[in-house]
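Data file: query_24.txt. Format and content: compact mmCIF, C-alpha atoms.
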```txt
# COMPACT_ATOMS: atom_id res chain seq x y z
CA MET K 1 113.04 290.59 211.80
CA PRO K 2 116.10 291.23 209.65
CA ARG K 3 116.17 289.80 206.16
CA PRO K 4 118.86 287.23 205.29
CA ALA K 5 121.98 288.50 203.58
CA GLY K 6 121.64 288.41 199.80
CA ASP K 7 117.84 288.49 199.89
CA GLU K 8 117.86 291.92 198.26
CA ILE K 9 119.65 290.53 195.23
CA TYR K 10 117.60 287.32 195.10
CA SER K 11 114.33 289.22 194.91
CA ASN K 12 115.56 292.05 192.67
CA ALA K 13 114.66 291.20 189.07
CA ARG K 14 116.62 294.16 187.68
CA VAL K 15 119.86 292.91 189.17
CA LEU K 16 119.29 289.21 188.49
CA ALA K 17 118.41 289.90 184.85
CA LEU K 18 121.87 291.41 184.41
CA VAL K 19 123.55 288.06 185.07
CA PRO K 20 122.50 286.24 181.86
CA ALA K 21 122.92 289.43 179.82
CA LEU K 22 126.49 289.85 181.03
CA SER K 23 127.20 286.15 180.53
CA VAL K 24 126.15 286.43 176.88
CA MET K 25 128.52 289.36 176.48
CA ALA K 26 131.31 287.34 178.12
CA ASP K 27 130.54 284.29 175.98
CA TYR K 28 130.79 286.06 172.66
CA SER K 29 133.72 288.22 173.71
CA LEU K 30 135.64 285.08 174.65
CA THR K 31 134.48 283.41 171.44
CA PHE K 32 135.91 286.13 169.24
CA TYR K 33 139.04 286.51 171.37
CA TYR K 34 140.01 282.83 171.41
CA SER K 35 138.82 281.73 167.97
CA GLN K 36 141.20 281.56 165.04
CA GLY K 37 139.07 283.88 162.94
CA VAL K 38 135.69 284.47 161.39
CA ASP K 39 135.90 281.31 159.26
CA GLU K 40 136.25 279.14 162.34
CA ILE K 41 133.33 280.90 164.03
CA VAL K 42 131.11 280.46 160.97
CA GLN K 43 132.06 276.78 160.85
CA SER K 44 132.01 275.86 164.56
CA GLU K 45 129.90 278.32 166.58
CA PHE K 46 126.71 276.88 168.08
CA SER K 47 124.66 280.09 167.88
CA PRO K 48 123.18 280.75 164.43
CA VAL K 49 122.82 284.46 165.26
CA VAL K 50 126.53 284.80 166.01
CA ARG K 51 127.46 282.77 162.93
CA LEU K 52 125.39 285.07 160.71
CA ALA K 53 126.72 288.17 162.45
CA ALA K 54 130.30 287.00 161.92
CA GLU K 55 129.62 286.13 158.30
CA TYR K 56 128.08 289.53 157.52
CA GLY K 57 130.35 291.62 159.75
CA ILE K 58 127.67 292.91 162.13
CA VAL K 59 129.01 291.35 165.33
CA PRO K 60 128.78 294.42 167.62
CA VAL K 61 125.15 295.05 166.64
CA ALA K 62 124.24 291.38 167.13
CA ILE K 63 125.92 291.18 170.53
CA VAL K 64 124.20 294.35 171.76
CA ALA K 65 120.86 293.01 170.49
CA LEU K 66 121.41 289.64 172.19
CA VAL K 67 122.38 291.30 175.48
CA LEU K 68 119.27 293.47 175.40
CA ILE K 69 117.02 290.53 174.51
CA TYR K 70 118.48 288.34 177.27
CA TYR K 71 118.04 291.15 179.81
CA LEU K 72 114.49 291.91 178.72
CA PHE K 73 113.33 288.28 178.67
CA SER K 74 115.02 287.53 182.00
CA TYR K 75 113.50 290.59 183.63
CA VAL K 76 110.00 289.89 182.33
CA ALA K 77 110.18 286.23 183.39
CA LEU K 78 111.42 287.10 186.88
CA GLN K 79 108.79 289.79 187.32
CA ALA K 80 106.03 287.43 186.17
CA LEU K 81 107.16 284.61 188.46
CA CYS K 82 108.07 286.69 191.51
CA GLY K 83 106.16 285.47 194.52
CA THR K 84 105.22 282.13 192.97
CA CYS K 85 106.42 278.70 193.99
CA VAL K 86 108.48 278.41 190.78
CA TYR K 87 110.51 281.61 191.30
CA PRO K 88 113.47 279.65 192.76
CA PHE K 89 113.46 277.49 189.63
CA ALA K 90 113.53 280.64 187.47
CA VAL K 91 116.59 281.89 189.34
CA GLY K 92 118.21 278.47 188.93
CA ILE K 93 117.47 278.47 185.21
CA LEU K 94 119.06 281.90 184.83
CA ALA K 95 122.10 280.66 186.74
CA THR K 96 122.53 277.56 184.57
CA VAL K 97 121.98 279.53 181.36
CA SER K 98 124.59 282.06 182.50
CA LEU K 99 127.08 279.37 183.46
CA THR K 100 126.51 277.61 180.14
CA HIS K 101 127.29 280.80 178.23
CA VAL K 102 130.47 281.55 180.16
CA MET K 103 131.67 277.97 179.84
CA GLY K 104 130.77 278.07 176.13
CA GLY K 105 133.01 281.09 175.68
CA PHE K 106 135.89 279.34 177.41
CA SER K 107 135.38 276.26 175.24
CA TRP K 108 137.20 278.16 172.50
CA LEU K 109 140.23 278.24 174.79
CA VAL K 110 139.99 274.72 176.27
CA ARG K 111 139.11 272.85 173.04
CA ILE K 112 138.68 269.45 174.69
CA PRO K 113 135.70 267.34 173.58
CA PHE K 114 134.81 266.40 177.18
CA TYR K 115 134.56 270.09 178.07
CA SER K 116 132.16 270.63 175.16
CA PHE K 117 130.07 267.70 176.40
CA MET K 118 129.94 269.38 179.82
CA VAL K 119 128.63 272.57 178.23
CA ASN K 120 125.99 270.57 176.35
CA GLY K 121 125.16 268.78 179.60
CA LEU K 122 124.50 272.13 181.27
CA SER K 123 122.12 273.01 178.45
CA ILE K 124 120.27 269.75 178.99
CA MET K 125 120.25 270.39 182.73
CA THR K 126 118.60 273.76 182.08
CA LEU K 127 115.85 272.08 180.06
CA LEU K 128 115.33 269.49 182.79
CA LEU K 129 115.15 272.25 185.39
CA ALA K 130 112.52 274.07 183.33
CA ALA K 131 110.47 270.88 182.93
CA THR K 132 110.76 270.21 186.66
CA ALA K 133 109.62 273.76 187.41
CA LEU K 134 106.58 273.34 185.18
CA ILE K 135 105.61 270.04 186.77
CA TRP K 136 106.27 271.39 190.26
CA GLY K 137 104.22 274.49 189.58
CA LEU K 138 101.30 272.56 188.14
CA TYR K 139 101.35 270.10 191.02
CA ARG K 140 102.23 272.35 193.95
CA CYS K 141 100.66 275.71 193.17
CA PRO K 142 98.50 275.67 190.03
CA ALA K 143 96.54 278.77 191.11
CA GLN K 144 99.74 280.86 191.05
CA LEU K 145 100.51 279.92 187.46
CA LYS K 146 97.24 281.03 185.94
CA PHE K 147 97.62 283.95 183.61
CA ARG K 148 95.89 286.98 185.01
CA ARG K 149 94.05 289.49 182.88
CA PRO K 150 94.83 293.12 183.68
```
Any chance you could give the structure as structure tokens?
Amino acid sequence: MPRPAGDEIYSNARVLALVPALSVMADYSLTFYYSQGVDEIVQSEFSPVVRLAAEYGIVPVAIVALVLIYYLFSYVALQALCGTCVYPFAVGILATVSLTHVMGGFSWLVRIPFYSFMVNGLSIMTLLLAATALIWGLYRCPAQLKFRRP
């Protein structure tokens, strides 16, 4: 039986882990492109890592480190949850995190309070999705969520 279109991407942790990593790169590229300067970033940026990087002039190093960390954590989480009943939640969490980052980058262009509230709302939605995944996993398939010893 043929597999549905897009199933190769959905089950490929290497490809899916690229999405949040690239969204972080887009977020901070847009942040530095649309901000009025380092002072505004230090004063208004949500991420403490980016604020410190801007303050000390190590932005490229910080962005590369963040991209690598996001990729690594996303990949490890997807690999660990692959085949479990909470894997769809993990993919959804990566999607909302990625969307939040891209929208956060554009918030420097839009600069409307309601838009910022929407970005914060997506962050809250991500937390609710994670809590739902945990409850769902504990209720629906607790045996799949036990940590296995190698």
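Of the residues under consideration (K:Val64, K:Ala131, K:Met103, K:Ala143), K:Met103 shows the shortest atom-to-atom contact distance to Met118 (chain K) when counting all atoms listed in the file.
Between Met125 (chain K) and the residues K:Val97, K:Leu109, K:Leu138, K:Ala80, the shortest atom-to-atom distance, using all atoms listed in the file, involves K:Val97.
Here CA of Thr31 (chain K) is placed at a distance of 21.1 Å from CA of Ile124 (chain K).
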**OP:** For CA of Ser74 (chain K) and CA of Leu122 (chain K), quote the distance in Å rounded to one decimal.
**Re:** 18.1 Å
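Between CA of Pro60 (chain K) and CA of Phe32 (chain K) the separation is 11.1 Å.
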Original post:
Any idea what's packed within 9 Å of Tyr34 (chain K), counting only C-alpha atoms, ignoring anything in its chain fewer than 6 positions away? Could you give it as a list in words?
Top reply: Gly105, Phe106, Ser107, Trp108 and Leu109 of chain K
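Residues in contact with region 41-43 of chain K at up to 8 Å, not including ones fewer than 4 positions away on its chain and judged by only C-alpha atoms, are Thr31, Phe32, Ser35, Gln36, Gly37, Arg51, Leu52, Ala54 and Glu55 of chain K.
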May I have the residues from that selection written out with C-alpha atoms, as a PDB file, keeping the file's coordinate frame?
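File written: selection-v3.pdb
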```pdb
ATOM      1  CA  THR K  31     134.480 283.410 171.440  1.00  0.00           C
ATOM      2  CA  PHE K  32     135.910 286.130 169.240  1.00  0.00           C
ATOM      3  CA  SER K  35     138.820 281.730 167.970  1.00  0.00           C
ATOM      4  CA  GLN K  36     141.200 281.560 165.040  1.00  0.00           C
ATOM      5  CA  GLY K  37     139.070 283.880 162.940  1.00  0.00           C
ATOM      6  CA  ARG K  51     127.460 282.770 162.930  1.00  0.00           C
ATOM      7  CA  LEU K  52     125.390 285.070 160.710  1.00  0.00           C
ATOM      8  CA  ALA K  54     130.300 287.000 161.920  1.00  0.00           C
ATOM      9  CA  GLU K  55     129.620 286.130 158.300  1.00  0.00           C
TER      10      GLU K  55
END
```
**OP:** Please provide as a PyMOL selection string all residues within 9 Å of Phe89 (chain K), with the sequence filter that same-chain residues fewer than 5 positions apart are discarded (counting all atoms listed in the file).
**Re:** chain K and resi 94+129-130+132-133
Output file for the residues above (C-alpha atoms, as a PDB file, in the coordinates of the input):
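Result file part.pdb:
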```
ATOM      1  CA  LEU K  94     119.060 281.900 184.830  1.00  0.00           C
ATOM      2  CA  LEU K 129     115.150 272.250 185.390  1.00  0.00           C
ATOM      3  CA  ALA K 130     112.520 274.070 183.330  1.00  0.00           C
ATOM      4  CA  THR K 132     110.760 270.210 186.660  1.00  0.00           C
ATOM      5  CA  ALA K 133     109.620 273.760 187.410  1.00  0.00           C
TER       6      ALA K 133
END
```
At most 6 Å is the cut-off: for each residue in region 57-80 of chain K with any atom that close to an atom of region 9-26 of chain K, write down the nearest atom pair and the distance in Å rounded to one decimal, counting all atoms listed in the file, chain first then increasing number, as a tab-separated table.
```
residue	atom	partner	partner_atom	distance
K:Val67	CA	K:Ala21	CA	4.8
K:Tyr70	CA	K:Ala21	CA	5.2
K:Tyr71	CA	K:Ala21	CA	5.2
K:Ser74	CA	K:Ala17	CA	5.0
K:Tyr75	CA	K:Ala17	CA	5.1
K:Leu78	CA	K:Ala13	CA	5.7
```
**OP:** Have a look at K:Cys85, K:Glu45, K:Tyr115, K:Val38 and name the one nearest to Ile58 (chain K); count all atoms listed in the file.
**Re:** K:Val38
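Distances to Pro88 (chain K) were evaluated for K:Leu30, K:Pro142, K:Gly137, K:Val49 using only C-alpha atoms, and the minimum falls at K:Gly137.
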Could you extract region 47-90 of chain K of the given structure into a file holding C-alpha atoms, as a tab-separated table (two decimals), in the first residue's frame?
```tsv
chain	number	residue	atom	x	y	z
K	47	SER	CA	15.29	36.56	24.56
K	48	PRO	CA	17.94	37.15	27.23
K	49	VAL	CA	20.53	35.32	25.10
K	50	VAL	CA	20.01	37.68	22.18
K	51	ARG	CA	20.01	40.72	24.47
K	52	LEU	CA	23.36	39.67	25.95
K	53	ALA	CA	24.76	38.82	22.52
K	54	ALA	CA	23.75	42.25	21.21
K	55	GLU	CA	25.18	43.98	24.25
K	56	TYR	CA	28.55	42.23	23.98
K	57	GLY	CA	28.75	42.13	20.18
K	58	ILE	CA	28.72	38.35	19.77
K	59	VAL	CA	25.49	38.06	17.78
K	60	PRO	CA	26.71	35.71	15.01
K	61	VAL	CA	28.15	33.26	17.54
K	62	ALA	CA	24.97	33.35	19.64
K	63	ILE	CA	22.70	32.81	16.64
K	64	VAL	CA	24.75	29.87	15.38
K	65	ALA	CA	24.72	28.37	18.89
K	66	LEU	CA	20.94	28.84	19.21
K	67	VAL	CA	20.33	27.28	15.79
K	68	LEU	CA	22.46	24.27	16.68
K	69	ILE	CA	20.80	23.88	20.09
K	70	TYR	CA	17.29	24.12	18.60
K	71	TYR	CA	18.18	21.54	15.95
K	72	LEU	CA	19.78	19.16	18.43
K	73	PHE	CA	16.96	19.35	20.99
K	74	SER	CA	14.28	19.03	18.31
K	75	TYR	CA	16.01	16.05	16.74
K	76	VAL	CA	16.53	14.25	20.05
K	77	ALA	CA	12.91	14.87	21.12
K	78	LEU	CA	11.51	13.64	17.81
K	79	GLN	CA	13.72	10.56	17.83
K	80	ALA	CA	12.73	9.75	21.42
K	81	LEU	CA	9.02	10.18	20.74
K	82	CYS	CA	8.88	8.58	17.29
K	83	GLY	CA	6.36	5.77	17.27
K	84	THR	CA	4.61	6.88	20.46
K	85	CYS	CA	1.12	8.26	20.80
K	86	VAL	CA	2.50	11.73	21.61
K	87	TYR	CA	4.61	12.08	18.44
K	88	PRO	CA	1.88	14.14	16.69
K	89	PHE	CA	1.91	16.51	19.67
K	90	ALA	CA	5.70	16.85	19.36
```
